[in-house]
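With mmCIF, C-alpha atoms, pLDDT in the B column; chains and numbers go by the auth columns inside, this is work13.cif:
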data_start
#
loop_
_atom_site.group_PDB
_atom_site.id
_atom_site.type_symbol
_atom_site.label_atom_id
_atom_site.label_comp_id
_atom_site.label_asym_id
_atom_site.label_seq_id
_atom_site.Cartn_x
_atom_site.Cartn_y
_atom_site.Cartn_z
_atom_site.B_iso_or_equiv
_atom_site.auth_seq_id
_atom_site.auth_asym_id
ATOM 1 C CA MET A 1 102.646 150.891 167.824 50.00 8 A
ATOM 2 C CA LYS A 2 99.893 149.166 165.911 54.00 9 A
ATOM 3 C CA GLY A 3 97.862 152.372 165.789 56.00 10 A
ATOM 4 C CA LYS A 4 100.862 154.366 164.549 55.00 11 A
ATOM 5 C CA GLY A 5 101.484 151.760 161.867 52.00 12 A
ATOM 6 C CA LEU A 6 97.926 152.096 160.619 54.00 13 A
ATOM 7 C CA ILE A 7 98.265 155.886 160.522 59.00 14 A
ATOM 8 C CA VAL A 8 101.506 155.670 158.528 49.00 15 A
ATOM 9 C CA PHE A 9 99.915 153.181 156.143 52.00 16 A
ATOM 10 C CA ALA A 10 96.903 155.451 155.674 50.00 17 A
ATOM 11 C CA LEU A 11 99.152 158.447 154.977 51.00 18 A
ATOM 12 C CA LEU A 12 101.196 156.486 152.423 51.00 19 A
ATOM 13 C CA ALA A 13 98.061 155.176 150.756 50.00 20 A
ATOM 14 C CA GLY A 14 96.639 158.705 150.616 51.00 21 A
ATOM 15 C CA ALA A 15 99.846 160.060 149.119 49.00 22 A
ATOM 16 C CA ALA A 16 99.874 157.301 146.523 49.00 23 A
ATOM 17 C CA TRP A 17 96.244 158.000 145.594 54.00 24 A
ATOM 18 C CA TRP A 18 96.903 161.745 145.375 51.00 25 A
ATOM 19 C CA GLY A 19 99.930 161.117 143.160 52.00 26 A
ATOM 20 C CA TYR A 20 98.019 158.829 140.843 50.00 27 A
ATOM 21 C CA ARG A 21 95.121 161.279 140.676 52.00 28 A
ATOM 22 C CA TYR A 22 96.938 164.593 140.249 55.00 29 A
ATOM 23 C CA LEU A 23 100.505 164.045 139.066 61.00 30 A
ATOM 24 C CA PRO A 24 101.150 164.807 135.362 70.00 31 A
ATOM 25 C CA SER A 25 100.957 161.558 133.402 70.00 32 A
ATOM 26 C CA TYR A 26 104.649 161.680 132.512 62.00 33 A
ATOM 27 C CA TYR A 27 105.557 161.619 136.225 67.00 34 A
ATOM 28 C CA ASN A 28 103.138 158.801 136.913 81.00 35 A
ATOM 29 C CA PRO A 29 104.685 155.363 136.239 81.00 36 A
ATOM 30 C CA PHE A 30 101.212 153.796 136.128 83.00 37 A
ATOM 31 C CA ALA A 31 99.753 156.145 133.504 88.00 38 A
ATOM 32 C CA PRO A 32 99.861 155.017 129.854 92.00 39 A
ATOM 33 C CA LEU A 33 102.764 156.286 127.754 94.00 40 A
ATOM 34 C CA GLN A 34 102.012 159.251 125.509 95.00 41 A
ATOM 35 C CA LEU A 35 104.046 160.448 122.532 96.00 42 A
ATOM 36 C CA THR A 36 104.445 163.837 124.218 94.00 43 A
ATOM 37 C CA ASP A 37 105.992 162.420 127.397 94.00 44 A
ATOM 38 C CA PRO A 38 109.435 163.986 127.975 91.00 45 A
ATOM 39 C CA PRO A 39 112.574 161.838 128.144 88.00 46 A
ATOM 40 C CA GLY A 40 113.460 160.381 131.509 84.00 47 A
ATOM 41 C CA ARG A 41 113.587 157.229 133.568 83.00 48 A
ATOM 42 C CA ILE A 42 109.809 156.901 133.853 87.00 49 A
ATOM 43 C CA THR A 43 109.329 157.256 130.095 87.00 50 A
ATOM 44 C CA GLN A 44 112.040 154.668 129.511 85.00 51 A
ATOM 45 C CA ILE A 45 110.341 152.215 131.890 87.00 52 A
ATOM 46 C CA LYS A 46 107.012 152.764 130.122 90.00 53 A
ATOM 47 C CA LEU A 47 108.632 152.119 126.737 89.00 54 A
ATOM 48 C CA ARG A 48 110.222 148.899 127.967 86.00 55 A
ATOM 49 C CA ARG A 49 107.001 147.473 129.414 89.00 56 A
ATOM 50 C CA LEU A 50 104.658 148.308 126.523 93.00 57 A
ATOM 51 C CA SER A 51 102.411 145.471 125.401 94.00 58 A
ATOM 52 C CA GLU A 52 102.401 144.635 121.701 95.00 59 A
ATOM 53 C CA ASP A 53 98.938 146.145 121.251 96.00 60 A
ATOM 54 C CA ALA A 54 99.882 149.351 123.086 96.00 61 A
ATOM 55 C CA CYS A 55 103.061 149.680 121.055 97.00 62 A
ATOM 56 C CA GLN A 56 101.212 149.223 117.774 97.00 63 A
ATOM 57 C CA ALA A 57 98.630 151.825 118.807 98.00 64 A
ATOM 58 C CA LEU A 58 101.320 154.387 119.672 98.00 65 A
ATOM 59 C CA LEU A 59 103.205 153.631 116.463 98.00 66 A
ATOM 60 C CA ALA A 60 100.013 154.281 114.492 98.00 67 A
ATOM 61 C CA GLN A 61 99.684 157.642 116.284 98.00 68 A
ATOM 62 C CA ALA A 62 103.318 158.446 115.495 98.00 69 A
ATOM 63 C CA ASN A 63 102.631 157.760 111.814 98.00 70 A
ATOM 64 C CA LYS A 64 99.616 160.090 111.852 98.00 71 A
ATOM 65 C CA GLN A 65 101.707 162.809 113.494 98.00 72 A
ATOM 66 C CA HIS A 66 104.444 162.356 110.862 98.00 73 A
ATOM 67 C CA LEU A 67 107.063 161.411 113.430 98.00 74 A
ATOM 68 C CA ILE A 68 107.748 158.264 111.438 98.00 75 A
ATOM 69 C CA THR A 69 106.577 156.461 108.316 98.00 76 A
ATOM 70 C CA THR A 70 106.273 152.689 108.602 98.00 77 A
ATOM 71 C CA GLN A 71 104.946 149.903 106.412 97.00 78 A
ATOM 72 C CA ALA A 72 103.644 146.566 107.668 95.00 79 A
ATOM 73 C CA VAL A 73 105.789 143.537 106.819 95.00 80 A
ATOM 74 C CA ALA A 74 104.638 139.924 106.626 95.00 81 A
ATOM 75 C CA ASP A 75 105.914 137.531 109.286 92.00 82 A
ATOM 76 C CA SER A 76 108.776 135.306 108.190 93.00 83 A
ATOM 77 C CA GLY A 77 110.221 131.954 109.273 89.00 84 A
ATOM 78 C CA GLY A 78 113.664 130.421 109.014 88.00 85 A
ATOM 79 C CA THR A 79 116.544 130.441 111.471 90.00 86 A
ATOM 80 C CA CYS A 80 115.740 133.976 112.612 92.00 87 A
ATOM 81 C CA PRO A 81 111.968 134.354 112.262 93.00 88 A
ATOM 82 C CA LEU A 82 110.372 137.777 112.410 95.00 89 A
ATOM 83 C CA SER A 83 106.894 138.657 113.623 93.00 90 A
ATOM 84 C CA ASN A 84 105.121 141.977 114.131 93.00 91 A
ATOM 85 C CA VAL A 85 107.892 143.943 112.425 97.00 92 A
ATOM 86 C CA VAL A 86 107.595 147.024 110.236 98.00 93 A
ATOM 87 C CA ARG A 87 109.711 148.681 107.587 98.00 94 A
ATOM 88 C CA VAL A 88 110.744 152.174 108.634 98.00 95 A
ATOM 89 C CA ARG A 89 110.825 154.582 105.668 98.00 96 A
ATOM 90 C CA ASP A 90 111.689 157.869 107.380 98.00 97 A
ATOM 91 C CA PHE A 91 111.337 159.908 110.554 98.00 98 A
ATOM 92 C CA GLY A 92 108.992 162.544 109.201 98.00 99 A
ATOM 93 C CA ASP A 93 111.112 165.259 107.612 97.00 100 A
ATOM 94 C CA VAL A 94 114.296 163.370 108.513 98.00 101 A
ATOM 95 C CA ARG A 95 115.208 160.949 105.737 98.00 102 A
ATOM 96 C CA LEU A 96 117.068 157.656 106.005 98.00 103 A
ATOM 97 C CA SER A 97 119.988 156.436 103.917 98.00 104 A
ATOM 98 C CA SER A 98 117.743 153.406 103.296 98.00 105 A
ATOM 99 C CA SER A 99 114.666 151.871 104.892 98.00 106 A
ATOM 100 C CA PHE A 100 115.143 149.278 107.634 98.00 107 A
ATOM 101 C CA LEU A 101 113.225 146.526 109.400 98.00 108 A
ATOM 102 C CA ALA A 102 112.300 147.118 113.029 98.00 109 A
ATOM 103 C CA SER A 103 110.330 145.578 115.841 97.00 110 A
ATOM 104 C CA CYS A 104 107.582 147.863 117.078 97.00 111 A
ATOM 105 C CA PRO A 105 109.569 148.888 120.183 95.00 112 A
ATOM 106 C CA LEU A 106 112.630 149.752 118.080 97.00 113 A
ATOM 107 C CA ALA A 107 110.569 151.761 115.593 98.00 114 A
ATOM 108 C CA LEU A 108 108.688 153.684 118.300 98.00 115 A
ATOM 109 C CA SER A 109 111.787 154.340 120.425 96.00 116 A
ATOM 110 C CA SER A 110 113.682 155.553 117.357 98.00 117 A
ATOM 111 C CA ALA A 111 110.879 157.925 116.352 98.00 118 A
ATOM 112 C CA LEU A 112 110.883 159.526 119.813 97.00 119 A
ATOM 113 C CA PHE A 113 114.690 159.614 119.928 97.00 120 A
ATOM 114 C CA VAL A 114 114.929 161.459 116.611 98.00 121 A
ATOM 115 C CA GLU A 115 112.112 163.876 117.426 98.00 122 A
ATOM 116 C CA GLN A 116 113.036 164.656 121.031 97.00 123 A
ATOM 117 C CA GLN A 117 116.834 164.393 120.926 97.00 124 A
ATOM 118 C CA ALA A 118 118.499 164.193 117.508 98.00 125 A
ATOM 119 C CA LYS A 119 116.624 167.111 115.952 98.00 126 A
ATOM 120 C CA PRO A 120 116.994 169.559 118.883 98.00 127 A
ATOM 121 C CA LEU A 121 120.656 168.611 119.424 98.00 128 A
ATOM 122 C CA ALA A 122 121.416 169.122 115.732 98.00 129 A
ATOM 123 C CA GLN A 123 120.031 172.638 115.875 98.00 130 A
ATOM 124 C CA GLN A 124 121.742 173.401 119.168 98.00 131 A
ATOM 125 C CA LEU A 125 125.203 171.907 118.577 98.00 132 A
ATOM 126 C CA ILE A 126 125.564 171.816 114.788 98.00 133 A
ATOM 127 C CA GLY A 127 123.534 174.931 114.051 98.00 134 A
ATOM 128 C CA SER A 128 121.512 173.366 111.255 98.00 135 A
ATOM 129 C CA PRO A 129 118.371 171.189 111.002 98.00 136 A
ATOM 130 C CA LEU A 130 118.888 167.432 110.819 98.00 137 A
ATOM 131 C CA ARG A 131 117.939 166.092 107.390 98.00 138 A
ATOM 132 C CA GLN A 132 119.120 162.463 107.222 98.00 139 A
ATOM 133 C CA VAL A 133 120.220 159.568 109.399 98.00 140 A
ATOM 134 C CA ASP A 134 122.730 157.179 107.804 98.00 141 A
ATOM 135 C CA HIS A 135 122.806 153.622 109.053 98.00 142 A
ATOM 136 C CA LEU A 136 124.423 150.226 108.484 98.00 143 A
ATOM 137 C CA GLY A 137 121.240 148.207 108.913 96.00 144 A
ATOM 138 C CA SER A 138 119.069 146.614 111.550 97.00 145 A
ATOM 139 C CA TYR A 139 118.151 143.000 110.730 96.00 146 A
ATOM 140 C CA ALA A 140 120.865 140.372 110.329 94.00 147 A
ATOM 141 C CA CYS A 141 120.453 136.703 111.216 93.00 148 A
ATOM 142 C CA ARG A 142 123.634 136.200 113.237 90.00 149 A
ATOM 143 C CA ASN A 143 125.111 135.745 116.691 83.00 150 A
ATOM 144 C CA ILE A 144 126.786 138.555 118.626 81.00 151 A
ATOM 145 C CA TYR A 145 130.035 139.546 116.891 75.00 152 A
ATOM 146 C CA HIS A 146 129.440 136.618 114.495 75.00 153 A
ATOM 147 C CA ARG A 147 130.773 134.212 117.133 78.00 154 A
ATOM 148 C CA GLU A 148 129.732 130.613 116.628 73.00 155 A
ATOM 149 C CA ASN A 149 128.848 129.833 120.248 76.00 156 A
ATOM 150 C CA ALA A 150 127.476 133.235 121.268 70.00 157 A
ATOM 151 C CA ARG A 151 123.827 134.116 121.801 80.00 158 A
ATOM 152 C CA LEU A 152 121.764 135.614 119.004 83.00 159 A
ATOM 153 C CA SER A 153 122.383 139.288 118.326 92.00 160 A
ATOM 154 C CA GLU A 154 119.610 141.851 118.761 93.00 161 A
ATOM 155 C CA HIS A 155 119.906 142.260 115.003 94.00 162 A
ATOM 156 C CA ALA A 156 118.558 138.716 114.569 94.00 163 A
ATOM 157 C CA THR A 157 115.150 139.940 115.777 95.00 164 A
ATOM 158 C CA ALA A 158 115.287 143.441 114.216 97.00 165 A
ATOM 159 C CA GLU A 159 115.645 145.009 117.661 96.00 166 A
ATOM 160 C CA ALA A 160 118.762 147.087 117.009 97.00 167 A
ATOM 161 C CA LEU A 161 119.836 149.773 114.556 98.00 168 A
ATOM 162 C CA ASP A 162 123.452 150.648 113.723 98.00 169 A
ATOM 163 C CA VAL A 163 123.658 154.395 113.042 98.00 170 A
ATOM 164 C CA SER A 164 126.777 155.544 111.170 98.00 171 A
ATOM 165 C CA GLY A 165 126.234 159.246 110.537 98.00 172 A
ATOM 166 C CA PHE A 166 124.054 162.319 110.140 98.00 173 A
ATOM 167 C CA ARG A 167 123.437 164.893 107.392 98.00 174 A
ATOM 168 C CA PHE A 168 122.224 168.443 107.883 98.00 175 A
ATOM 169 C CA ALA A 169 120.375 171.127 105.943 98.00 176 A
ATOM 170 C CA ASN A 170 123.557 173.185 105.507 98.00 177 A
ATOM 171 C CA GLY A 171 125.215 170.306 103.635 98.00 178 A
ATOM 172 C CA LYS A 172 127.373 169.190 106.548 98.00 179 A
ATOM 173 C CA ARG A 173 127.823 165.466 107.171 98.00 180 A
ATOM 174 C CA VAL A 174 129.008 163.998 110.473 98.00 181 A
ATOM 175 C CA THR A 175 130.058 160.355 110.670 98.00 182 A
ATOM 176 C CA VAL A 176 130.638 158.460 113.892 98.00 183 A
ATOM 177 C CA LEU A 177 134.031 157.272 112.653 98.00 184 A
ATOM 178 C CA LYS A 178 135.484 160.696 111.822 98.00 185 A
ATOM 179 C CA GLY A 179 133.274 162.856 114.011 98.00 186 A
ATOM 180 C CA TRP A 180 133.958 161.145 117.342 98.00 187 A
ATOM 181 C CA PRO A 181 137.622 162.268 117.590 97.00 188 A
ATOM 182 C CA ASP A 182 136.851 165.703 116.122 98.00 189 A
ATOM 183 C CA PRO A 183 136.462 168.323 118.908 97.00 190 A
ATOM 184 C CA GLN A 184 133.983 170.261 116.777 97.00 191 A
ATOM 185 C CA THR A 185 131.534 167.399 116.276 98.00 192 A
ATOM 186 C CA GLN A 186 132.225 165.145 119.257 98.00 193 A
ATOM 187 C CA PRO A 187 129.923 167.125 121.614 98.00 194 A
ATOM 188 C CA PHE A 188 126.981 166.456 119.287 98.00 195 A
ATOM 189 C CA LEU A 189 127.759 162.750 119.004 98.00 196 A
ATOM 190 C CA ARG A 190 128.396 162.348 122.724 97.00 197 A
ATOM 191 C CA ALA A 191 125.152 164.100 123.586 97.00 198 A
ATOM 192 C CA LEU A 192 123.255 161.843 121.193 97.00 199 A
ATOM 193 C CA LEU A 193 124.754 158.646 122.559 97.00 200 A
ATOM 194 C CA SER A 194 124.145 159.728 126.155 95.00 201 A
ATOM 195 C CA SER A 195 120.529 160.675 125.459 94.00 202 A
ATOM 196 C CA SER A 196 119.849 157.341 123.757 94.00 203 A
ATOM 197 C CA CYS A 197 119.610 155.831 127.257 88.00 204 A
ATOM 198 C CA HIS A 198 116.182 157.452 127.630 90.00 205 A
ATOM 199 C CA TYR A 199 114.757 155.362 124.767 93.00 206 A
ATOM 200 C CA TYR A 200 116.815 152.230 124.158 93.00 207 A
ATOM 201 C CA GLY A 201 117.935 149.405 126.390 92.00 208 A
ATOM 202 C CA ASN A 202 121.524 149.933 125.264 94.00 209 A
ATOM 203 C CA GLY A 203 123.521 152.410 123.199 95.00 210 A
ATOM 204 C CA LEU A 204 127.075 151.412 122.295 96.00 211 A
ATOM 205 C CA GLY A 205 129.642 153.668 120.627 97.00 212 A
ATOM 206 C CA PRO A 206 133.337 154.006 119.795 97.00 213 A
ATOM 207 C CA GLU A 207 134.498 153.915 123.414 95.00 214 A
ATOM 208 C CA TYR A 208 132.707 150.632 124.095 94.00 215 A
ATOM 209 C CA ASN A 209 135.009 148.592 121.872 93.00 216 A
ATOM 210 C CA ALA A 210 136.727 148.656 118.466 94.00 217 A
ATOM 211 C CA ALA A 211 133.771 146.934 116.786 93.00 218 A
ATOM 212 C CA HIS A 212 131.727 150.108 117.310 96.00 219 A
ATOM 213 C CA ALA A 213 134.313 152.601 116.072 97.00 220 A
ATOM 214 C CA ASN A 214 132.180 153.584 113.085 98.00 221 A
ATOM 215 C CA HIS A 215 128.630 153.430 114.437 98.00 222 A
ATOM 216 C CA PHE A 216 126.237 153.660 117.354 98.00 223 A
ATOM 217 C CA HIS A 217 124.506 150.390 118.163 97.00 224 A
ATOM 218 C CA LEU A 218 121.027 151.280 119.464 97.00 225 A
ATOM 219 C CA GLY A 219 119.288 148.188 120.809 96.00 226 A
ATOM 220 C CA MET A 220 116.324 147.221 122.941 93.00 227 A
ATOM 221 C CA ARG A 221 117.903 144.782 125.407 89.00 228 A
ATOM 222 C CA GLY A 222 118.617 145.973 128.925 83.00 229 A
ATOM 223 C CA TYR A 223 117.710 149.153 130.790 77.00 230 A
ATOM 224 C CA GLY A 224 120.016 151.979 129.833 71.00 231 A
ATOM 225 C CA LEU A 225 123.629 150.911 129.240 79.00 232 A
ATOM 226 C CA CYS A 226 125.004 153.718 127.055 84.00 233 A
ATOM 227 C CA ARG A 227 128.718 154.116 126.481 84.00 234 A
#

Would you put the structure from the file into structure tokens?
Amino acid sequence: MKGKGLIVFALLAGAAWWGYRYLPSYYNPFAPLQLTDPPGRITQIKLRRLSEDACQALLAQANKQHLITTQAVADSGGTCPLSNVVRVRDFGDVRLSSSFLASCPLALSSALFVEQQAKPLAQQLIGSPLRQVDHLGSYACRNIYHRENARLSEHATAEALDVSGFRFANGKRVTVLKGWPDPQTQPFLRALLSSSCHYYGNGLGPEYNAAHANHFHLGMRGYGLCR
């Protein structure tokens, strides 16, 4: 039995080495994240475990590739201090209703989400290029649902963005509030919310509760709760 155990161990070790050596990087959970990695569970895990330095390096690459435009922001103190945050100006050729503050993980995840999901889904399900993302903000020094005894919201650390709608090259505008019950635009919104699980820790929409009737809450806590 001992000899068989050693053989099995050797086979498993060989398979692991072969996988690490020859698998494409996006299938390899130990390989560094790349901006070209496709969406999936492994990419999500890599996003969630990025070190601050690795995140900043990838965000710099994303800026150079025009996936996002960010500006450094000075650290701040107070009740809800911020450190290592950036101001997001746009997602390349996709504008924003206004700039917003974001942690590095939120900025990077959002850039990949827009590039890999929002833009292709707009073309596929709306039939027109995505031109603008409308939002209700990211940073707000408050507890969850403004409750006095609740824990701090993700917004208190600029780790969540509330997206309210989308605008397209053909002039069409889709809001979460009016578009979710509309059978013509709901498939686009549902597909977006579902795909957000590949990038964010949580994605909450109108069917989560009444507080999210008019927006998608895209936050970094957790590992893929999207509903």

Selection result of the PyMOL selection byres ((chain A and resi 146-154) around 9) on this file, as number ranges by chain: A: 86-88, 107-109, 144-145, 155-168, 218

Output file for the residues above (C-alpha atoms, as a short mmCIF file (atom, residue, chain, number, x, y, z; two decimals), in the coordinates of the input):
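Resulting contents of selection_21.cif:
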data_model
loop_
_atom_site.label_atom_id
_atom_site.label_comp_id
_atom_site.auth_asym_id
_atom_site.auth_seq_id
_atom_site.Cartn_x
_atom_site.Cartn_y
_atom_site.Cartn_z
CA THR A 86 116.54 130.44 111.47
CA CYS A 87 115.74 133.98 112.61
CA PRO A 88 111.97 134.35 112.26
CA PHE A 107 115.14 149.28 107.63
CA LEU A 108 113.22 146.53 109.40
CA ALA A 109 112.30 147.12 113.03
CA GLY A 144 121.24 148.21 108.91
CA SER A 145 119.07 146.61 111.55
CA GLU A 155 129.73 130.61 116.63
CA ASN A 156 128.85 129.83 120.25
CA ALA A 157 127.48 133.24 121.27
CA ARG A 158 123.83 134.12 121.80
CA LEU A 159 121.76 135.61 119.00
CA SER A 160 122.38 139.29 118.33
CA GLU A 161 119.61 141.85 118.76
CA HIS A 162 119.91 142.26 115.00
CA ALA A 163 118.56 138.72 114.57
CA THR A 164 115.15 139.94 115.78
CA ALA A 165 115.29 143.44 114.22
CA GLU A 166 115.64 145.01 117.66
CA ALA A 167 118.76 147.09 117.01
CA LEU A 168 119.84 149.77 114.56
CA ALA A 218 133.77 146.93 116.79
#

Residues returned when the PyMOL selection byres ((chain A and resi 176) around 12) runs on this file, as a ChimeraX atom specification: /A:100-102,126,129-130,133-139,173-175,177-180

Explicit residues for the PyMOL selection byres ((chain A and resi 111) around 9) (as JSON, numbers by chain): {"A": [59, 62, 63, 66, 91, 92, 93, 109, 110, 112, 113, 114, 115, 116, 166]}

Which of A:Pro36, A:Gly208, A:Gly84, A:Pro190 sits closest to A:Gly231 [using only C-alpha atoms]: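 Between A:Pro36, A:Gly208, A:Gly84, A:Pro190, the residue approaching A:Gly231 most closely is A:Gly208.
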
Do you know which residues are at most 8 Å from stretch 141-143 of chain A counting all atoms listed in the file, after dropping those on the same chain fewer than 3 positions away, and could you put them as a compact mmCIF listing (two decimals) with C-alpha atoms, keeping the file's coordinate frame?
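Contents of the output file around.txt:
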# COMPACT_ATOMS: atom_id res chain seq x y z
CA LEU A 103 117.07 157.66 106.00
CA SER A 104 119.99 156.44 103.92
CA SER A 105 117.74 153.41 103.30
CA LEU A 168 119.84 149.77 114.56
CA ASP A 169 123.45 150.65 113.72
CA VAL A 170 123.66 154.40 113.04
CA SER A 171 126.78 155.54 111.17
CA GLY A 172 126.23 159.25 110.54
CA PHE A 173 124.05 162.32 110.14
CA ARG A 174 123.44 164.89 107.39
CA HIS A 222 128.63 153.43 114.44

Distance criterion (only C-alpha atoms): nearest to A:Leu132 out of A:Gly47, A:Gly85, A:Pro194, A:Pro188: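 When distances to A:Leu132 are compared using only C-alpha atoms, the smallest one comes from A:Pro194.
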
Å distance separating atom CA of A:Ser117 from atom CA of A:Thr50, one decimal place: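 Taking atom CA of A:Ser117 as the start and atom CA of A:Thr50 as the end point, the length is 13.6 Å.
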
Among listed residues A:Leu54, A:Val181, A:Arg48, A:Pro31, nearest A:Met227 (using all atoms listed in the file): A:Leu54

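Atom CA of A:Gln124 lies 20.3 Å from atom CA of A:Asn221.
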
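Proximity ranking of A:Ile49, A:Arg96, A:Ala125, A:Lys185 relative to A:Asn35 places A:Ile49 first, based on all atoms listed in the file.
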
I'd like the neighbourhood of A:Ala118 as a PDB file with C-alpha atoms, keeping the file's coordinate frame, where a residue qualifies if any of its atoms comes within 8 Å (using all atoms listed in the file), though same-chain residues fewer than 2 positions away should be ignored.
ATOM      1  CA  ALA A  69     103.318 158.446 115.495  1.00 98.00           C
ATOM      2  CA  LEU A  74     107.063 161.411 113.430  1.00 98.00           C
ATOM      3  CA  ILE A  75     107.748 158.264 111.438  1.00 98.00           C
ATOM      4  CA  PHE A  98     111.337 159.908 110.554  1.00 98.00           C
ATOM      5  CA  ALA A 114     110.569 151.761 115.593  1.00 98.00           C
ATOM      6  CA  LEU A 115     108.688 153.684 118.300  1.00 98.00           C
ATOM      7  CA  SER A 116     111.787 154.340 120.425  1.00 96.00           C
ATOM      8  CA  PHE A 120     114.690 159.614 119.928  1.00 97.00           C
ATOM      9  CA  VAL A 121     114.929 161.459 116.611  1.00 98.00           C
ATOM     10  CA  GLU A 122     112.112 163.876 117.426  1.00 98.00           C
TER      11      GLU A 122
END

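If you look at atom CA of A:Ser201 and atom CA of A:His219, they are 15.1 Å away from each other.
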